[in-house]
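*Asks:* My structure file model.csv, CSV, C-alpha atoms, is below:
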chain,number,residue,atom,x,y,z
O,12,MET,CA,4.1,14.3,14.1
O,13,ASN,CA,7.6,13.0,14.2
O,14,ALA,CA,10.4,15.1,12.6
O,15,TYR,CA,13.8,13.7,11.7
O,16,SER,CA,16.9,15.8,11.4
O,17,ASN,CA,19.3,15.4,8.6
O,18,LYS,CA,23.1,15.8,8.8
O,19,LYS,CA,22.8,19.6,8.4
O,20,GLY,CA,20.5,19.7,11.5
O,21,THR,CA,17.4,20.9,9.5
O,22,PHE,CA,14.3,19.0,10.0
O,23,MET,CA,12.4,16.7,7.6
O,24,GLU,CA,9.2,15.0,8.4
O,25,PHE,CA,10.3,11.6,7.1
O,26,GLU,CA,13.1,9.2,7.9
O,27,ASN,CA,16.1,8.5,5.7
O,28,ILE,CA,17.0,4.9,5.7
O,29,SER,CA,19.6,2.7,4.1
O,30,LEU,CA,19.0,0.5,1.1
O,31,LYS,CA,19.4,-2.6,3.3
O,32,GLU,CA,16.8,-1.3,5.8
O,33,GLY,CA,14.4,-0.4,3.0
O,34,ILE,CA,14.6,-3.9,1.5
O,35,ARG,CA,14.1,-5.4,4.9
O,36,LEU,CA,11.0,-3.3,5.6
O,37,SER,CA,9.5,-3.9,2.1
O,38,ARG,CA,9.2,-7.6,2.8
O,39,ASP,CA,6.4,-6.7,5.2
O,40,LYS,CA,3.9,-6.1,2.4
O,41,GLU,CA,1.0,-5.9,4.9
O,42,ASN,CA,2.3,-2.7,6.5
O,43,TYR,CA,4.7,-1.2,3.9
O,44,ILE,CA,4.7,-0.4,0.2
O,45,LEU,CA,7.9,0.2,-1.7
O,46,MET,CA,7.5,2.9,-4.3
O,47,ASP,CA,9.9,3.4,-7.2
O,48,VAL,CA,9.5,7.1,-8.1
O,49,ARG,CA,11.7,7.0,-11.2
O,50,GLU,CA,10.2,7.2,-14.7
O,51,LYS,CA,8.5,4.1,-16.0
O,52,ASP,CA,11.3,3.3,-18.5
O,53,ARG,CA,13.9,3.3,-15.6
O,54,TYR,CA,11.6,1.0,-13.6
O,55,LYS,CA,11.3,-1.4,-16.6
O,56,GLU,CA,15.1,-1.5,-16.9
O,57,GLY,CA,15.3,-2.9,-13.3
O,58,HIS,CA,13.8,-2.3,-9.9
O,59,LEU,CA,13.9,-3.6,-6.4
O,60,GLU,CA,11.9,-6.7,-5.5
O,61,TYR,CA,8.3,-5.8,-4.3
O,62,ALA,CA,8.6,-2.3,-5.8
O,63,VAL,CA,5.6,-0.6,-7.4
O,64,SER,CA,6.2,2.0,-10.1
O,65,CYS,CA,4.8,5.4,-9.3
O,66,PRO,CA,6.9,8.2,-11.1
O,67,TYR,CA,7.3,11.4,-9.1
O,68,GLY,CA,5.4,13.4,-11.7
O,69,ILE,CA,2.2,11.4,-11.2
O,70,LEU,CA,2.6,10.6,-7.4
O,71,LYS,CA,-0.9,11.7,-6.5
O,72,GLU,CA,-2.4,9.2,-8.9
O,73,CYS,CA,-0.9,6.4,-6.7
O,74,TYR,CA,-2.3,7.6,-3.4
O,75,GLU,CA,-5.2,5.1,-3.4
O,76,GLN,CA,-2.8,2.1,-3.4
O,77,MET,CA,-0.8,3.7,-0.6
O,78,GLU,CA,-3.7,4.1,1.8
O,79,GLY,CA,-3.1,2.5,5.2
O,80,LYS,CA,0.6,1.7,4.4
O,81,LYS,CA,3.9,3.1,5.5
O,82,ILE,CA,5.7,4.2,2.3
O,83,ILE,CA,9.3,3.5,1.3
O,84,VAL,CA,10.4,5.6,-1.6
O,85,TYR,CA,13.5,5.4,-3.8
O,86,CYS,CA,15.0,6.6,-7.1
O,87,ASP,CA,18.4,6.4,-8.8
O,88,PHE,CA,20.4,8.9,-6.6
O,89,GLY,CA,18.1,10.0,-3.9
O,90,GLY,CA,17.0,13.5,-5.1
O,91,GLN,CA,13.6,12.6,-6.6
O,92,SER,CA,12.7,10.3,-3.8
O,93,MET,CA,13.5,13.0,-1.2
O,94,MET,CA,11.1,15.4,-3.0
O,95,ALA,CA,8.5,12.6,-3.2
O,96,ALA,CA,9.0,11.9,0.6
O,97,ARG,CA,8.4,15.5,1.4
O,98,HIS,CA,5.2,15.7,-0.6
O,99,LEU,CA,3.9,12.4,0.7
O,100,ARG,CA,4.6,13.4,4.3
O,101,LYS,CA,2.9,16.8,3.8
O,102,ASP,CA,-0.1,14.9,2.5
O,103,GLY,CA,-0.2,12.7,5.7
O,104,PHE,CA,1.6,9.6,4.9
O,105,GLU,CA,4.3,7.9,7.0
O,106,VAL,CA,7.4,7.9,4.7
O,107,TYR,CA,10.8,6.4,4.6
O,108,ASN,CA,13.4,7.5,2.0
O,109,ILE,CA,16.1,5.2,0.8
O,110,ILE,CA,19.0,7.6,1.0
O,111,GLY,CA,21.4,7.8,-1.9
O,112,GLY,CA,19.1,5.9,-4.3
O,113,VAL,CA,19.7,2.5,-5.9
O,114,TYR,CA,21.7,3.4,-9.1
O,115,TYR,CA,24.9,1.8,-8.0
O,116,TYR,CA,23.2,-1.2,-6.5
O,117,MET,CA,21.3,-1.9,-9.8
O,118,GLU,CA,24.5,-1.4,-11.8
O,119,GLU,CA,26.4,-3.8,-9.6
O,120,LYS,CA,23.6,-6.3,-9.8
O,121,GLU,CA,23.5,-6.1,-13.6
O,122,GLN,CA,27.3,-6.5,-13.8
O,123,ASN,CA,27.2,-9.5,-11.5
O,124,LYS,CA,24.6,-11.1,-13.9
O,125,LEU,CA,26.9,-10.5,-16.9
O,126,GLU,CA,29.9,-11.9,-15.1
O,127,THR,CA,28.1,-15.1,-14.0
O,128,ARG,CA,26.9,-15.7,-17.5
O,129,HIS,CA,30.5,-15.9,-18.7
O,130,ILE,CA,31.6,-18.4,-16.0
O,131,THR,CA,31.9,-21.9,-17.4
O,132,ARG,CA,32.0,-24.9,-15.1
O,133,VAL,CA,35.0,-27.1,-15.4
O,134,ASP,CA,34.5,-30.6,-13.9
O,135,SER,CA,37.7,-32.4,-12.9
Please go through the file and, once you have read it, give me the structure as structure tokens.
*Replies:*
Amino acid sequence: MNAYSNKKGTFMEFENISLKEGIRLSRDKENYILMDVREKDRYKEGHLEYAVSCPYGILKECYEQMEGKKIIVYCDFGGQSMMAARHLRKDGFEVYNIIGGVYYYMEEKEQNKLETRHITRVDS
């Protein structure tokens, strides 16, 4: 079993990765599954491409669809996904946690959508 240390030097049995790395890995759908562990309403408001909704509170109900895959978990700020990663690793899954969550990424993405809707094209 591999253990990964965090900045405090304590050991976790999963790896923290960046959002960019999580997105890159999630494109390999044959080997990875991207799990959004936020509540369903947050998932419906917006989620990462390829993400499957599996709220932290019902994580074990999603185990069947995770079988044979490496799991990438995320939430808004990183706390829930870290707890989910610990539970998943304890139950034998290979897990990667997107550190820091995706809240600011999703907010920025939504703001960019709003800004581009207000841009009008002026032809000379």
*Asks:* Measuring atom to atom with all atoms listed in the file, identify which of O:Ile34, O:Ala95, O:Met46, O:Ile82 is nearest to Ala62 in chain O.
*Replies:*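 Using all atoms listed in the file, Ala62 in chain O sits closest to O:Met46.
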*Asks:* So, with all atoms listed in the file as the atoms that count, which of O:Lys71, O:Met93, O:Lys101, O:Asp87 lies closest to Glu56 in chain O?
*Replies:* O:Asp87
*Asks:* Could you tell me how far CA of Ile110 in chain O lies from CA of Glu75 in chain O, in Å and to one decimal?
*Replies:*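 Between CA of Ile110 in chain O and CA of Glu75 in chain O the gap works out to 24.7 Å.
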*Asks:* Here is a test: counting all atoms listed in the file, which residue of O:Glu50, O:Cys65, O:Gly57, O:Leu30 is nearest to Met117 in chain O?
*Replies:* O:Gly57
*Asks:* Counting only C-alpha atoms, which residues in range 27-84 of chain O sit no more than 10 Å from range 102-105 of chain O? For each one, give the nearest pair of atoms and the distance in Å, sorted by chain then residue number, as a tab-separated table.
*Replies:*
residue	atom	partner	partner_atom	distance
O:Tyr43	CA	O:Glu105	CA	9.6
O:Lys71	CA	O:Asp102	CA	9.6
O:Tyr74	CA	O:Phe104	CA	9.4
O:Met77	CA	O:Phe104	CA	8.4
O:Glu78	CA	O:Phe104	CA	8.2
O:Gly79	CA	O:Phe104	CA	8.5
O:Lys80	CA	O:Glu105	CA	7.7
O:Lys81	CA	O:Glu105	CA	5.0
O:Ile82	CA	O:Glu105	CA	6.1
O:Ile83	CA	O:Glu105	CA	8.8
*Asks:* Kindly indicate which residue among O:Ser64, O:Gln76, O:Ser92, O:Ser37 lies nearest to Ile109 in chain O, using all atoms listed in the file for the distances.
*Replies:* O:Ser92
*Asks:* Let me make sure I understand: among O:Pro66, O:Arg38, O:His58, O:Ile44, which one has the smallest atom-to-atom distance to Val106 in chain O if we use only C-alpha atoms?
*Replies:* O:Ile44
*Asks:* Taking into account only C-alpha atoms, which residue in the set O:Tyr54, O:Glu26, O:Glu41, O:Phe88 is nearest to Tyr115 in chain O?
*Replies:*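 Of the candidates, the smallest distance to Tyr115 in chain O is held by O:Phe88.
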*Asks:* CA of Val84 in chain O and CA of Asp52 in chain O are how many Å apart?
*Replies:* 17.1 Å
